[in-house]
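Notes for the one structure printed next.
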Amino acid sequence: MMLQSVVRSQGYQGMVDGGDNIKEASWESVSSMLQVGGTVIGSARCKDFRTHEGRLDAALNLVQRGITNLCVIGGDGSLTGANLFREEWSGLLDELVQSGQISEEAAQTHSALHIVGMVGSIDNDFCGTDMTIGTDSALHRIIEVVDAIMTTAQSHQRTFVLEVMGRHCGYLALVSALACGADWVLIPEMPPKDGWEEQMCHKLSENRADKKRLNIIIVAEGAIDQNNKPITTDLIKDLVVRCLGFDTRVTILGHVQRGGTPSAFDRILASRMGVEAVLALLEASPGTPACVVSLCGNQAVRLPLMECVQMTQEVQKAMDEKRFEEAVKLRGRSFENNLNTYKLLSHRKIDTELPHSSFNVAVLNVGAPAAGMNAAVRSAVRVGITEGHTLFAVNDGFEGFYKGQIKEINWGDVGGWTGQGGSLLGTKRTLPAKHIDKIAEQMKIHNINALLVIGGFEAYLGLLELQAARSKHAELCVPMVMVPATVSNNIPGSDLSIGADTALNAITDTCDRIKQSASGTKRRVFIIETMGGYCGYLATVGGLAAGADAAYIYEEPFDIRDLQSNVEHLTEKMKTSIQRGLVLRNENCSENYTTDFIYQLYNEEGKGVFDCRKNVLGHMQQGGAPSPFDRNFGTKIAAKAMQWISKKLKEFYREGRVFANSEDSACLLGMRCRALVFQPVIQLKDETDFVHRIPKEQWWLRLRPLMKILAKYKTSYDVSDSGQLEHILVSLPW
């Protein structure tokens, strides 16, 4: 089957009206769209399409243009309308034949309409997908505002009440509360119990008593109480002022959340979903049900469209009938995990409520700093305390460990850490092997019963060295778990690492600005060097997010012929309407083809067509405030790691001591396709290229053909990983 690219302006309205609203899309017409927010082709709520006559006009317009494949990007309303259109298609064609508007032959040629949906909604309110297109960008807008507000709130000792979008779904409010460490959050799916007003005021007062200079309360616009009465920002403000006398201000974010440049995550998500949608249309047969392309963990999946729509409608029905626990389950595992993590972290239990485990757990950062490390430490400390453990912070990684830079860390000590970049604990690349005796001694002095290591490749090597030393040091026979945190995203056993998303956004933002700097000038190509060691993740995925023409990486060897081919390809593109080119280079992709060499080659070979500029991004990729994704990912993965530690401590506690010497007592917690998985580090050795500090197999290499296709190269795309139609699985309370 061949697909012809056609765009419809103004959504269903354009399909009903026809004319110039439906036209063929060319390569050039969609160039430079990647960094533009909103929708370039327009969108509109269409009353006409809700009528039979409107859908009849739409069918006529499609048949006249030979269109039988529709990719619909929208929310549940748009997708429900698309499915109805598909179900009515045969009847609509019969009517058009009877009225003489189309021939019998045209009706037969266009007898089947194939529908694939992609969910575009900032509310993330569609069942069946972990993330909808637009949600991450909306979270960026919210967190930018929250971070700015926090500085003024701290200066003036104020309480801020923020209203975010979410009339029927509290995802934005919930995740932004997790990402900024809000004092209180109110969402439609979790109405507060009677007496919540006193509890909230007590918590705000408690935090002020702990010398916290600000309070943040986040409210979804659809927040309700147990009696389905709206909880408004003004109601909360009046309550805080009346009961506590705190200086309180209200900020309603409104449509700010819908605007702005799309985040790196949304660009990659939309690109991946777009490919999967086209593959689904190419593979569709007349009997194939309409499907929606979804994200499950880190994997694209296809689900029956109406199953997802009906499940989404069931959520609202459950909420209307006050079956809130069921509504949360129906929202899906992503929403439920976020809610459970928030509950764990938000309310400090009093001593009498805590289980008394008498276990000591140490937390340390190892390797280079990565944005989101502090969010992970905060989460680990607070979940550990909730589990009844005593938490110890180790400064400066394994170097600080053997020097005895270890101290107890409490609930309040990690307040405000979520939004801070770098590593507040301090981190070094030092490995433990040379200092193993002193580390074992410190483990004994502080009676450390478990270790949580948050870091990059050095943390992985360090855990292997600690495990290898267990035979000589009984003090090291304790549960150990590593959480991957590195901008390079080069850890075996995990598709994603804390810090990589923030680095990708830094690369994408910089590339956008660099390309814009050439706006209105002569044709120009930019050569950009990224970090990553020998791992090409940042160069490849950053290149895909920024619309690069090429990305040179170690994992895909290249020679002078490839460079020459790329220059010629860019030269041809520059002779058309394309004005700017972008080439990314991983810092260690080649010993000989350096950034300077590539710059000089492009500059020389492009003479008369384009000129060149180069930029080495350097450590700006490690700095800055963590992105919403990294804050949320770090928070959830560290909470899960600490819960694993609690489980293992009980499992390995025998005769008054902890003794853990099995392979599964030293694990790495990583994202593998669809889930977070604990994997013994010893078993990951076979998956590791230790010389180049990268995994032997890396999922993102499958995205490279996509980047080349989008850069107008003729190449094949590997469809072996494309999704098959699945079904939604939800475990309800009963």
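Following the order of the structure tokens, first chain is A, next is B, and so on, with residues numbered from 1 inside each chain and ligands from 1 in the order they appear.
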Next item on the list: Please provide the set of residues having any atom within 6 Å of segment 307-322 of chain A, restricted to only C-alpha atoms, with same-chain residues fewer than 5 positions apart removed, written as a PyMOL selection string.
Entry: chain A and resi 76+126-128+327+330
Find the residues of segment 472-551 of chain A that sit at most 9 Å from segment 264-275 of chain A; for each, write down the nearest two atoms and how far apart they are in Å, to one decimal. Count only C-alpha atoms. Sort by chain, then by number going up, and give it as JSON lines.
{"residue": "A:Asp501", "atom": "CA", "partner": "A:Phe265", "partner_atom": "CA", "distance": 7.3}
{"residue": "A:Thr502", "atom": "CA", "partner": "A:Ala264", "partner_atom": "CA", "distance": 8.9}
{"residue": "A:Leu504", "atom": "CA", "partner": "A:Ala264", "partner_atom": "CA", "distance": 6.3}
{"residue": "A:Asn505", "atom": "CA", "partner": "A:Ala264", "partner_atom": "CA", "distance": 5.3}
{"residue": "A:Ala506", "atom": "CA", "partner": "A:Ala264", "partner_atom": "CA", "distance": 8.9}
{"residue": "A:Ile507", "atom": "CA", "partner": "A:Ala264", "partner_atom": "CA", "distance": 8.9}
{"residue": "A:Thr508", "atom": "CA", "partner": "A:Ala264", "partner_atom": "CA", "distance": 6.4}
{"residue": "A:Asp509", "atom": "CA", "partner": "A:Ala264", "partner_atom": "CA", "distance": 8.5}
{"residue": "A:Val541", "atom": "CA", "partner": "A:Ile268", "partner_atom": "CA", "distance": 7.5}
{"residue": "A:Gly542", "atom": "CA", "partner": "A:Ala264", "partner_atom": "CA", "distance": 7.7}
{"residue": "A:Leu544", "atom": "CA", "partner": "A:Ile268", "partner_atom": "CA", "distance": 7.0}
{"residue": "A:Ala545", "atom": "CA", "partner": "A:Arg267", "partner_atom": "CA", "distance": 5.5}
{"residue": "A:Ala546", "atom": "CA", "partner": "A:Ala264", "partner_atom": "CA", "distance": 8.0}
Tell me, as an mmCIF file with all heavy atoms, in the first residue's frame, which residues lie within 8 Å of Gly134 of chain A, counting only C-alpha atoms; anything in the same chain fewer than 4 positions away does not count.
data_model
loop_
_atom_site.group_PDB
_atom_site.id
_atom_site.type_symbol
_atom_site.label_atom_id
_atom_site.label_comp_id
_atom_site.auth_asym_id
_atom_site.auth_seq_id
_atom_site.Cartn_x
_atom_site.Cartn_y
_atom_site.Cartn_z
ATOM 1 N N GLY A 120 -3.304 13.647 21.407
ATOM 2 C CA GLY A 120 -2.708 14.946 21.685
ATOM 3 C C GLY A 120 -3.563 15.666 22.712
ATOM 4 O O GLY A 120 -4.672 16.101 22.411
ATOM 5 N N SER A 121 -3.065 15.732 23.942
ATOM 6 C CA SER A 121 -3.834 16.364 25.024
ATOM 7 C C SER A 121 -2.885 16.708 26.153
ATOM 8 O O SER A 121 -2.143 15.837 26.619
ATOM 9 C CB SER A 121 -4.917 15.404 25.531
ATOM 10 O OG SER A 121 -5.441 15.851 26.756
ATOM 11 N N ILE A 122 -2.907 17.955 26.622
ATOM 12 C CA ILE A 122 -1.997 18.313 27.710
ATOM 13 C C ILE A 122 -2.444 17.715 29.041
ATOM 14 O O ILE A 122 -1.662 17.640 29.990
ATOM 15 C CB ILE A 122 -1.827 19.840 27.857
ATOM 16 C CG1 ILE A 122 -3.118 20.502 28.353
ATOM 17 C CG2 ILE A 122 -1.330 20.468 26.575
ATOM 18 C CD1 ILE A 122 -2.929 21.921 28.845
ATOM 19 N N ALA A 138 3.529 20.932 28.691
ATOM 20 C CA ALA A 138 2.698 21.654 29.656
ATOM 21 C C ALA A 138 3.341 21.618 31.044
ATOM 22 O O ALA A 138 3.336 22.626 31.770
ATOM 23 C CB ALA A 138 1.297 21.048 29.708
ATOM 24 N N ARG A 258 -0.648 25.710 27.515
ATOM 25 C CA ARG A 258 -0.818 25.166 26.158
ATOM 26 C C ARG A 258 0.218 25.710 25.178
ATOM 27 O O ARG A 258 0.389 25.184 24.091
ATOM 28 C CB ARG A 258 -2.211 25.513 25.627
ATOM 29 C CG ARG A 258 -3.340 24.805 26.328
ATOM 30 C CD ARG A 258 -4.625 24.949 25.535
ATOM 31 N NE ARG A 258 -5.757 24.374 26.247
ATOM 32 C CZ ARG A 258 -6.059 23.082 26.252
ATOM 33 N NH1 ARG A 258 -5.310 22.235 25.575
ATOM 34 N NH2 ARG A 258 -7.096 22.628 26.917
ATOM 35 N N PRO A 262 7.658 23.056 22.124
ATOM 36 C CA PRO A 262 7.544 21.682 22.640
ATOM 37 C C PRO A 262 8.851 21.194 23.255
ATOM 38 O O PRO A 262 9.939 21.528 22.777
ATOM 39 C CB PRO A 262 7.161 20.857 21.406
ATOM 40 C CG PRO A 262 7.464 21.705 20.226
ATOM 41 C CD PRO A 262 7.430 23.124 20.672
ATOM 42 N N ASP A 266 8.463 15.590 24.144
ATOM 43 C CA ASP A 266 7.291 15.617 23.264
ATOM 44 C C ASP A 266 7.679 15.499 21.795
ATOM 45 O O ASP A 266 6.962 14.883 20.997
ATOM 46 C CB ASP A 266 6.491 16.905 23.488
ATOM 47 C CG ASP A 266 5.405 16.723 24.539
ATOM 48 O OD1 ASP A 266 4.928 15.590 24.700
ATOM 49 O OD2 ASP A 266 5.039 17.708 25.203
#
Notebook entry, point to check: Near Lys575 of chain A, within 12 Å and counting only C-alpha atoms, which residues show up once chain neighbours fewer than 3 positions away are dropped, as a PyMOL selection string?
Noted result: chain A and resi 522-524+568-572+578-581+606+608-610
Generate a file of the selected residues that holds N, CA, C and O atoms, formatted as a PDB file, in the first residue's frame.
ATOM      1  N   LYS A 522      22.357  34.368   5.078  1.00  0.00           N
ATOM      2  CA  LYS A 522      22.602  33.421   3.988  1.00  0.00           C
ATOM      3  C   LYS A 522      22.561  31.996   4.532  1.00  0.00           C
ATOM      4  O   LYS A 522      22.537  31.770   5.744  1.00  0.00           O
ATOM      5  N   ARG A 523      22.603  31.027   3.631  1.00  0.00           N
ATOM      6  CA  ARG A 523      22.511  29.619   4.025  1.00  0.00           C
ATOM      7  C   ARG A 523      23.686  29.247   4.926  1.00  0.00           C
ATOM      8  O   ARG A 523      24.819  29.575   4.632  1.00  0.00           O
ATOM      9  N   ARG A 524      23.347  28.527   6.012  1.00  0.00           N
ATOM     10  CA  ARG A 524      24.390  28.246   7.004  1.00  0.00           C
ATOM     11  C   ARG A 524      24.195  26.852   7.606  1.00  0.00           C
ATOM     12  O   ARG A 524      23.067  26.419   7.857  1.00  0.00           O
ATOM     13  N   GLU A 568      27.364  16.554   0.362  1.00  0.00           N
ATOM     14  CA  GLU A 568      26.664  16.660  -0.924  1.00  0.00           C
ATOM     15  C   GLU A 568      25.150  16.704  -0.729  1.00  0.00           C
ATOM     16  O   GLU A 568      24.442  17.458  -1.410  1.00  0.00           O
ATOM     17  N   HIS A 569      24.667  15.897   0.197  1.00  0.00           N
ATOM     18  CA  HIS A 569      23.229  15.877   0.490  1.00  0.00           C
ATOM     19  C   HIS A 569      22.765  17.242   1.000  1.00  0.00           C
ATOM     20  O   HIS A 569      21.723  17.760   0.561  1.00  0.00           O
ATOM     21  N   LEU A 570      23.544  17.820   1.921  1.00  0.00           N
ATOM     22  CA  LEU A 570      23.200  19.133   2.454  1.00  0.00           C
ATOM     23  C   LEU A 570      23.270  20.208   1.366  1.00  0.00           C
ATOM     24  O   LEU A 570      22.442  21.127   1.317  1.00  0.00           O
ATOM     25  N   THR A 571      24.238  20.087   0.495  1.00  0.00           N
ATOM     26  CA  THR A 571      24.386  21.048  -0.598  1.00  0.00           C
ATOM     27  C   THR A 571      23.142  21.041  -1.485  1.00  0.00           C
ATOM     28  O   THR A 571      22.622  22.099  -1.866  1.00  0.00           O
ATOM     29  N   GLU A 572      22.638  19.829  -1.784  1.00  0.00           N
ATOM     30  CA  GLU A 572      21.433  19.717  -2.607  1.00  0.00           C
ATOM     31  C   GLU A 572      20.227  20.322  -1.898  1.00  0.00           C
ATOM     32  O   GLU A 572      19.401  21.005  -2.500  1.00  0.00           O
ATOM     33  N   ILE A 578      15.468  25.234   1.813  1.00  0.00           N
ATOM     34  CA  ILE A 578      16.082  25.015   3.125  1.00  0.00           C
ATOM     35  C   ILE A 578      17.229  26.001   3.314  1.00  0.00           C
ATOM     36  O   ILE A 578      18.138  26.091   2.487  1.00  0.00           O
ATOM     37  N   GLN A 579      17.208  26.733   4.420  1.00  0.00           N
ATOM     38  CA  GLN A 579      18.204  27.777   4.663  1.00  0.00           C
ATOM     39  C   GLN A 579      19.254  27.390   5.701  1.00  0.00           C
ATOM     40  O   GLN A 579      20.332  27.975   5.739  1.00  0.00           O
ATOM     41  N   ARG A 580      18.920  26.422   6.564  1.00  0.00           N
ATOM     42  CA  ARG A 580      19.825  26.103   7.672  1.00  0.00           C
ATOM     43  C   ARG A 580      20.026  24.605   7.783  1.00  0.00           C
ATOM     44  O   ARG A 580      19.082  23.835   7.595  1.00  0.00           O
ATOM     45  N   GLY A 581      21.245  24.212   8.117  1.00  0.00           N
ATOM     46  CA  GLY A 581      21.547  22.809   8.338  1.00  0.00           C
ATOM     47  C   GLY A 581      22.114  22.619   9.737  1.00  0.00           C
ATOM     48  O   GLY A 581      22.699  23.536  10.321  1.00  0.00           O
ATOM     49  N   GLY A 606      31.376  23.225   1.118  1.00  0.00           N
ATOM     50  CA  GLY A 606      30.119  23.943   0.927  1.00  0.00           C
ATOM     51  C   GLY A 606      30.291  25.335   0.366  1.00  0.00           C
ATOM     52  O   GLY A 606      29.314  26.089   0.251  1.00  0.00           O
ATOM     53  N   GLY A 608      30.338  28.562  -1.640  1.00  0.00           N
ATOM     54  CA  GLY A 608      29.464  28.989  -2.720  1.00  0.00           C
ATOM     55  C   GLY A 608      28.011  28.608  -2.514  1.00  0.00           C
ATOM     56  O   GLY A 608      27.123  29.121  -3.190  1.00  0.00           O
ATOM     57  N   VAL A 609      27.769  27.665  -1.572  1.00  0.00           N
ATOM     58  CA  VAL A 609      26.389  27.245  -1.288  1.00  0.00           C
ATOM     59  C   VAL A 609      26.000  27.611   0.149  1.00  0.00           C
ATOM     60  O   VAL A 609      24.945  28.182   0.391  1.00  0.00           O
ATOM     61  N   PHE A 610      26.868  27.264   1.109  1.00  0.00           N
ATOM     62  CA  PHE A 610      26.604  27.609   2.511  1.00  0.00           C
ATOM     63  C   PHE A 610      27.927  27.849   3.231  1.00  0.00           C
ATOM     64  O   PHE A 610      28.991  27.413   2.774  1.00  0.00           O
TER      65      PHE A 610
END
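Distance-wise, atom CA of Leu178 of chain A and atom CA of Leu496 of chain A end up 19.3 Å apart.
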Margin query: Need the shell around Arg158 of chain A: protein/DNA/RNA residues with any atom at most 12 Å away, counting only C-alpha atoms. Skip same-chain ones fewer than 4 positions apart. Format as a VMD selection string?
Written below: chain A and resid 149 to 154 204 208 212 to 217 237 240 to 241 244 to 250
Check: Between A:Glu663, A:Val361, A:Arg585, A:Cys180, which is the closest to Phe629 of chain A once you count only C-alpha atoms?
Finding: A:Cys180
Next item on the list: Write out as a VMD selection string the residues lying within 12 Å of segment 461-465 of chain A, counting only C-alpha atoms and excluding same-chain residues fewer than 4 positions away.
Entry: chain A and resid 364 to 367 397 to 399 428 to 436 439 451 to 457 469 to 473 476 to 484 491 to 492 663 665 to 668 680 to 685 688 to 690 693 to 694
Note to self: Among segment 644-675 of chain A, which ones does DSSP assign to helix (DSSP H, G or I) (computed from the backbone)? Answer as number ranges by chain.
What the structure shows: A: 644-651, 663-665
Check: Can you list every residue in segment 361-556 of chain A that DSSP puts in strand (DSSP E or B), as an MDAnalysis selection string?
Finding: chainID A and resid 361:366 390:394 406:408 427:428 450:455 480:485 498 524:530 550:552
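Proximity to Leu701 of chain A at 10 Å, evaluated using only C-alpha atoms and with sequence-adjacent residues fewer than 3 positions away removed, yields Gly536, Tyr537, Thr540, Val541, Glu555, Glu556, Glu697, Gln698, Arg704, Pro705 and Leu706 of chain A.
Here atom CA of Gly254 of chain A is placed at a distance of 6.8 Å from atom CA of Val164 of chain A.
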